[in-house]
Amino acid sequence: MGSFEAELLRFLARHTGREWTIDADVFGPGGLSSLFAMELVVYLERTYDIAIRGADLRMDNFRTVVRMAELVDRLRQSALGGPGA
């Protein structure tokens, strides 16, 4: 597990009062609400200096910490003109 995943797990635990794993479906039964999804988007944008827009706002990109890490990495690479740009 990388530092991004660890940081995001701490954020989720702090805001939900629950421990999560990197592959847990955070929006599955008993998981987070769609209202929290917006807070999560704002957190990711501000923390990692990215813009999550359009097709990237699909719930599938936010279901697990692993998927969020992939999204953030792809958007950061795109912003830098790197692979995936």
# chains A, B, ... in the order shown; residues from 1 in each chain; ligands from 1

$ select_by_dssp --residues "chain A" --states "helix (DSSP H, G or I)" --output "PyMOL selection string"
chain A and resi 3-16+34-48+54-57+59-62+65-80

$ closest_atom_pairs --of "stretch 38-67 of chain A" --to "stretch 26-34 of chain A" --cutoff "8 Å" --atoms "only C-alpha atoms" --output "JSON lines"
{"residue": "A:Met38", "atom": "CA", "partner": "A:Ser34", "partner_atom": "CA", "distance": 7.1}
{"residue": "A:Phe62", "atom": "CA", "partner": "A:Val26", "partner_atom": "CA", "distance": 7.8}
{"residue": "A:Arg63", "atom": "CA", "partner": "A:Val26", "partner_atom": "CA", "distance": 5.5}
{"residue": "A:Thr64", "atom": "CA", "partner": "A:Val26", "partner_atom": "CA", "distance": 5.9}

$ write_last_selection --atoms "C-alpha atoms" --output "PDB file, in the first residue's frame"
ATOM      1  CA  MET A  38     -19.205  15.239  -3.138  1.00  0.00           C
ATOM      2  CA  PHE A  62     -14.696   6.199  -6.276  1.00  0.00           C
ATOM      3  CA  ARG A  63     -15.856   2.732  -5.190  1.00  0.00           C
ATOM      4  CA  THR A  64     -12.558   1.692  -3.604  1.00  0.00           C
TER       5      THR A  64
END

$ residues_around --residues "stretch 71-80 of chain A" --least-positions-apart "5" --cutoff "12 Å" --atoms "only C-alpha atoms" --output "VMD selection string"
chain A and resid 2 4 to 5 8 41 43 to 53 55 to 66 85
